[in-house]
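Report on the following structure.
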Amino acid sequence: KKDEEKTINVKFPEDYMNKELAGKAGLFRIALKGLKERILPDLNDEFAKDMDCESLSQLKENIKRNILKNKEQLEKERIKKEVVEELIKKNTFLVPKSLVEHYTQYLIGHAVDRFKKGMIAKDEVGLSADELKERYAKTAEELVRRDIIIDAIAKEENLNISDDELDSKIKELAEKTKEPLAAFKARMEKEGTIEYLKEGLLEEKVFDLIISSTK
């Protein structure tokens, strides 16, 4: 009930992210300040229109299509992972140390950003900068090897991304963000992300070629 107070005893797990609290007991006093009930809207055409659909049936179709699309994407990512592992296993060669170091620093920076947001994996808690570097060095080398192999395949097969393909993808992304195309493209140019997008599209084209050739 409202304004009701309770005391709760809590035992923090041994692997709790805060080492000072790990394995210790805690006492929490809580008070219920209020009760709220979530009132869900009726599933009708009016609700569908609020979701940018003309009718409830169209909304259902969109949801079904998105679910299927997500499943297909997950399956594609699974296959891509297997392909990458096999390519790395079959292509052993020395990779530039400078690139490995660059990728390692990128991965460490990304991990630090996650830490700041509270997104910490259990096995990353308490690791020092040197330990993080050692942890990500292997991953960095695999990423460098992966990129070199993909670039080599793209050159061998004369694969590239045309301006039309790039513009089409930019338009697709702009529509998803509901941002005017010109403004969206200008922002990408300012942030320097268009080249990354182009590299990503080329990578997809390489994987599509590999996957189709194995069917």
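In the structure tokens, chains take the letters A, B, ... in the order shown, each chain's residues start at 1, and ligands count up from 1 in the order shown.
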Residues of segment 69-123 of chain A within 12 Å of segment 186-206 of chain A: nearest atom pair and distance (Å, one decimal) for each, counting only C-alpha atoms, sorted by chain and number, as a Markdown table?
```
| residue | atom | partner | partner_atom | distance |
| --- | --- | --- | --- | --- |
| A:Gln73 | CA | A:Glu204 | CA | 11.9 |
| A:Lys76 | CA | A:Glu204 | CA | 10.3 |
| A:Glu77 | CA | A:Glu204 | CA | 10.5 |
| A:Lys80 | CA | A:Glu204 | CA | 9.4 |
| A:Val83 | CA | A:Val206 | CA | 11.0 |
| A:Val84 | CA | A:Val206 | CA | 11.3 |
```
Please write the residues from the selection above to a file, keeping all heavy atoms, as a compact mmCIF listing (two decimals), in the first residue's frame.
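Output (result_12.txt):
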```
# COMPACT_ATOMS: atom_id res chain seq x y z
N GLN A 73 18.18 -11.82 -40.71
CA GLN A 73 19.43 -11.10 -40.44
C GLN A 73 20.28 -11.84 -39.41
O GLN A 73 21.50 -11.93 -39.55
CB GLN A 73 19.13 -9.68 -39.95
CG GLN A 73 20.35 -8.80 -39.77
CD GLN A 73 21.11 -8.59 -41.08
OE1 GLN A 73 20.51 -8.51 -42.15
NE2 GLN A 73 22.43 -8.50 -41.00
N LYS A 76 21.84 -14.74 -41.09
CA LYS A 76 22.92 -14.29 -41.96
C LYS A 76 24.17 -13.96 -41.14
O LYS A 76 25.29 -14.29 -41.56
CB LYS A 76 22.47 -13.06 -42.75
CG LYS A 76 23.47 -12.61 -43.80
CD LYS A 76 22.92 -11.47 -44.63
CE LYS A 76 23.89 -11.04 -45.71
NZ LYS A 76 23.36 -9.93 -46.54
N GLU A 77 23.98 -13.33 -40.00
CA GLU A 77 25.12 -13.00 -39.14
C GLU A 77 25.79 -14.26 -38.61
O GLU A 77 27.01 -14.31 -38.47
CB GLU A 77 24.64 -12.13 -37.96
CG GLU A 77 24.24 -10.72 -38.35
CD GLU A 77 25.37 -9.94 -39.01
OE1 GLU A 77 26.52 -10.07 -38.55
OE2 GLU A 77 25.10 -9.21 -39.98
N LYS A 80 27.83 -15.59 -41.46
CA LYS A 80 28.99 -14.73 -41.65
C LYS A 80 30.09 -15.04 -40.64
O LYS A 80 31.28 -15.09 -40.97
CB LYS A 80 28.58 -13.25 -41.54
CG LYS A 80 27.93 -12.69 -42.79
CD LYS A 80 27.45 -11.28 -42.56
CE LYS A 80 28.55 -10.33 -42.22
NZ LYS A 80 28.08 -8.93 -42.09
N VAL A 83 31.79 -18.18 -41.64
CA VAL A 83 32.63 -17.94 -42.81
C VAL A 83 33.93 -17.25 -42.40
O VAL A 83 35.03 -17.65 -42.85
CB VAL A 83 31.88 -17.07 -43.85
CG1 VAL A 83 32.84 -16.60 -44.94
CG2 VAL A 83 30.74 -17.86 -44.48
N VAL A 84 33.83 -16.23 -41.56
CA VAL A 84 35.02 -15.50 -41.10
C VAL A 84 35.97 -16.44 -40.35
O VAL A 84 37.18 -16.43 -40.59
CB VAL A 84 34.61 -14.33 -40.19
CG1 VAL A 84 35.84 -13.75 -39.49
CG2 VAL A 84 33.94 -13.24 -40.99
```
- Report the residues of segment 24-71 of chain A whose backbone DSSP state falls under helix (DSSP H, G or I), written as a PyMOL selection string. chain A and resi 45-50+56-71
Please write the residues from the selection above to a file, keeping N, CA, C and O atoms, as a PDB file, in the first residue's frame.
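Saved as result.pdb:
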```pdb
ATOM      1  N   ASP A  45      -7.680   0.710 -35.608  1.00  0.00           N
ATOM      2  CA  ASP A  45      -7.085   1.485 -36.708  1.00  0.00           C
ATOM      3  C   ASP A  45      -6.516   2.817 -36.233  1.00  0.00           C
ATOM      4  O   ASP A  45      -5.519   3.307 -36.778  1.00  0.00           O
ATOM      5  N   GLU A  46      -7.149   3.405 -35.215  1.00  0.00           N
ATOM      6  CA  GLU A  46      -6.659   4.684 -34.691  1.00  0.00           C
ATOM      7  C   GLU A  46      -5.276   4.520 -34.079  1.00  0.00           C
ATOM      8  O   GLU A  46      -4.392   5.361 -34.254  1.00  0.00           O
ATOM      9  N   PHE A  47      -5.106   3.418 -33.352  1.00  0.00           N
ATOM     10  CA  PHE A  47      -3.790   3.126 -32.771  1.00  0.00           C
ATOM     11  C   PHE A  47      -2.760   2.910 -33.884  1.00  0.00           C
ATOM     12  O   PHE A  47      -1.638   3.394 -33.805  1.00  0.00           O
ATOM     13  N   ALA A  48      -3.168   2.198 -34.938  1.00  0.00           N
ATOM     14  CA  ALA A  48      -2.277   1.928 -36.063  1.00  0.00           C
ATOM     15  C   ALA A  48      -1.827   3.219 -36.735  1.00  0.00           C
ATOM     16  O   ALA A  48      -0.670   3.342 -37.144  1.00  0.00           O
ATOM     17  N   LYS A  49      -2.745   4.181 -36.848  1.00  0.00           N
ATOM     18  CA  LYS A  49      -2.405   5.457 -37.478  1.00  0.00           C
ATOM     19  C   LYS A  49      -1.362   6.218 -36.663  1.00  0.00           C
ATOM     20  O   LYS A  49      -0.533   6.933 -37.217  1.00  0.00           O
ATOM     21  N   ASP A  50      -1.421   6.046 -35.337  1.00  0.00           N
ATOM     22  CA  ASP A  50      -0.401   6.674 -34.483  1.00  0.00           C
ATOM     23  C   ASP A  50       0.966   6.046 -34.718  1.00  0.00           C
ATOM     24  O   ASP A  50       1.993   6.642 -34.395  1.00  0.00           O
ATOM     25  N   LEU A  56      -5.014  -1.328 -38.796  1.00  0.00           N
ATOM     26  CA  LEU A  56      -4.466  -2.303 -37.853  1.00  0.00           C
ATOM     27  C   LEU A  56      -3.890  -3.505 -38.608  1.00  0.00           C
ATOM     28  O   LEU A  56      -2.846  -4.037 -38.222  1.00  0.00           O
ATOM     29  N   SER A  57      -4.556  -3.903 -39.683  1.00  0.00           N
ATOM     30  CA  SER A  57      -4.064  -5.040 -40.469  1.00  0.00           C
ATOM     31  C   SER A  57      -2.700  -4.731 -41.088  1.00  0.00           C
ATOM     32  O   SER A  57      -1.822  -5.593 -41.138  1.00  0.00           O
ATOM     33  N   GLN A  58      -2.513  -3.496 -41.538  1.00  0.00           N
ATOM     34  CA  GLN A  58      -1.214  -3.106 -42.103  1.00  0.00           C
ATOM     35  C   GLN A  58      -0.145  -3.108 -41.021  1.00  0.00           C
ATOM     36  O   GLN A  58       0.991  -3.533 -41.260  1.00  0.00           O
ATOM     37  N   LEU A  59      -0.499  -2.646 -39.818  1.00  0.00           N
ATOM     38  CA  LEU A  59       0.450  -2.644 -38.705  1.00  0.00           C
ATOM     39  C   LEU A  59       0.888  -4.066 -38.378  1.00  0.00           C
ATOM     40  O   LEU A  59       2.074  -4.335 -38.165  1.00  0.00           O
ATOM     41  N   LYS A  60      -0.066  -4.993 -38.356  1.00  0.00           N
ATOM     42  CA  LYS A  60       0.255  -6.392 -38.073  1.00  0.00           C
ATOM     43  C   LYS A  60       1.177  -6.974 -39.142  1.00  0.00           C
ATOM     44  O   LYS A  60       2.105  -7.727 -38.823  1.00  0.00           O
ATOM     45  N   GLU A  61       0.904  -6.641 -40.390  1.00  0.00           N
ATOM     46  CA  GLU A  61       1.747  -7.122 -41.476  1.00  0.00           C
ATOM     47  C   GLU A  61       3.165  -6.573 -41.360  1.00  0.00           C
ATOM     48  O   GLU A  61       4.142  -7.281 -41.611  1.00  0.00           O
ATOM     49  N   ASN A  62       3.260  -5.287 -40.993  1.00  0.00           N
ATOM     50  CA  ASN A  62       4.579  -4.664 -40.819  1.00  0.00           C
ATOM     51  C   ASN A  62       5.364  -5.342 -39.699  1.00  0.00           C
ATOM     52  O   ASN A  62       6.572  -5.592 -39.829  1.00  0.00           O
ATOM     53  N   ILE A  63       4.670  -5.638 -38.597  1.00  0.00           N
ATOM     54  CA  ILE A  63       5.325  -6.294 -37.467  1.00  0.00           C
ATOM     55  C   ILE A  63       5.799  -7.688 -37.869  1.00  0.00           C
ATOM     56  O   ILE A  63       6.927  -8.089 -37.569  1.00  0.00           O
ATOM     57  N   LYS A  64       4.944  -8.424 -38.576  1.00  0.00           N
ATOM     58  CA  LYS A  64       5.301  -9.770 -39.038  1.00  0.00           C
ATOM     59  C   LYS A  64       6.502  -9.723 -39.971  1.00  0.00           C
ATOM     60  O   LYS A  64       7.426 -10.532 -39.855  1.00  0.00           O
ATOM     61  N   ARG A  65       6.490  -8.746 -40.896  1.00  0.00           N
ATOM     62  CA  ARG A  65       7.582  -8.613 -41.852  1.00  0.00           C
ATOM     63  C   ARG A  65       8.895  -8.273 -41.134  1.00  0.00           C
ATOM     64  O   ARG A  65       9.952  -8.814 -41.483  1.00  0.00           O
ATOM     65  N   ASN A  66       8.820  -7.408 -40.132  1.00  0.00           N
ATOM     66  CA  ASN A  66      10.023  -7.021 -39.390  1.00  0.00           C
ATOM     67  C   ASN A  66      10.585  -8.190 -38.587  1.00  0.00           C
ATOM     68  O   ASN A  66      11.806  -8.342 -38.477  1.00  0.00           O
ATOM     69  N   ILE A  67       9.691  -9.011 -38.028  1.00  0.00           N
ATOM     70  CA  ILE A  67      10.140 -10.180 -37.263  1.00  0.00           C
ATOM     71  C   ILE A  67      10.879 -11.156 -38.179  1.00  0.00           C
ATOM     72  O   ILE A  67      11.952 -11.662 -37.844  1.00  0.00           O
ATOM     73  N   LEU A  68      10.295 -11.417 -39.353  1.00  0.00           N
ATOM     74  CA  LEU A  68      10.931 -12.316 -40.313  1.00  0.00           C
ATOM     75  C   LEU A  68      12.266 -11.757 -40.790  1.00  0.00           C
ATOM     76  O   LEU A  68      13.249 -12.497 -40.942  1.00  0.00           O
ATOM     77  N   LYS A  69      12.300 -10.433 -41.013  1.00  0.00           N
ATOM     78  CA  LYS A  69      13.526  -9.787 -41.470  1.00  0.00           C
ATOM     79  C   LYS A  69      14.619  -9.904 -40.416  1.00  0.00           C
ATOM     80  O   LYS A  69      15.786 -10.164 -40.739  1.00  0.00           O
ATOM     81  N   ASN A  70      14.244  -9.729 -39.142  1.00  0.00           N
ATOM     82  CA  ASN A  70      15.219  -9.841 -38.056  1.00  0.00           C
ATOM     83  C   ASN A  70      15.757 -11.263 -37.943  1.00  0.00           C
ATOM     84  O   ASN A  70      16.951 -11.473 -37.701  1.00  0.00           O
ATOM     85  N   LYS A  71      14.873 -12.246 -38.120  1.00  0.00           N
ATOM     86  CA  LYS A  71      15.300 -13.649 -38.071  1.00  0.00           C
ATOM     87  C   LYS A  71      16.280 -13.949 -39.199  1.00  0.00           C
ATOM     88  O   LYS A  71      17.289 -14.632 -39.000  1.00  0.00           O
TER      89      LYS A  71
END
```
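The environment of Asn91 of chain A within 12 Å, counting only C-alpha atoms and disregarding residues fewer than 2 places along the same chain, consists of Val84, Glu85, Glu86, Leu87, Ile88, Lys89, Phe93, Leu94, Val95, Glu142, Arg145, Arg146, Ile148, Ile149, Ile150 and Ala152 of chain A.
When atom CA of Ile210 of chain A is paired with atom CA of Ala174 of chain A, their separation reads 29.1 Å.
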- From the list A:Ala25, A:Asn44, A:Leu99, A:Ser55, which residue is nearest Val144 of chain A when using only C-alpha atoms? A:Leu99
- Task: Just the residues within 6 Å of segment 5-18 of chain A, please, counting only C-alpha atoms, with nothing from its chain fewer than 6 positions along; format it as a PyMOL selection string.
- Result: chain A and resi 24-31+125
Emit the selected residues as a short mmCIF file (atom, residue, chain, number, x, y, z; two decimals), in the first residue's frame, including N, CA, C and O atoms.
```cif
data_model
loop_
_atom_site.label_atom_id
_atom_site.label_comp_id
_atom_site.auth_asym_id
_atom_site.auth_seq_id
_atom_site.Cartn_x
_atom_site.Cartn_y
_atom_site.Cartn_z
N LYS A 24 29.17 -9.58 0.22
CA LYS A 24 28.72 -9.01 1.48
C LYS A 24 27.19 -8.91 1.54
O LYS A 24 26.50 -8.99 0.53
N ALA A 25 26.69 -8.74 2.78
CA ALA A 25 25.25 -8.60 2.98
C ALA A 25 24.90 -7.12 3.01
O ALA A 25 25.69 -6.28 3.44
N GLY A 26 23.71 -6.81 2.53
CA GLY A 26 23.26 -5.42 2.52
C GLY A 26 21.85 -5.30 3.06
O GLY A 26 21.06 -6.26 3.01
N LEU A 27 21.54 -4.14 3.60
CA LEU A 27 20.21 -3.89 4.15
C LEU A 27 19.60 -2.69 3.43
O LEU A 27 20.18 -1.61 3.42
N PHE A 28 18.44 -2.91 2.81
CA PHE A 28 17.76 -1.85 2.07
C PHE A 28 16.43 -1.54 2.73
O PHE A 28 15.65 -2.44 3.06
N ARG A 29 16.19 -0.27 2.95
CA ARG A 29 14.88 0.18 3.43
C ARG A 29 14.14 0.84 2.28
O ARG A 29 14.64 1.79 1.69
N ILE A 30 12.97 0.33 1.96
CA ILE A 30 12.22 0.86 0.83
C ILE A 30 10.86 1.37 1.29
O ILE A 30 10.29 0.88 2.27
N ALA A 31 10.37 2.37 0.58
CA ALA A 31 9.05 2.94 0.89
C ALA A 31 8.28 3.08 -0.42
O ALA A 31 8.83 3.56 -1.42
N VAL A 125 35.27 -6.96 -15.33
CA VAL A 125 35.29 -6.18 -14.10
C VAL A 125 36.68 -6.20 -13.46
O VAL A 125 37.28 -7.26 -13.26
#
```
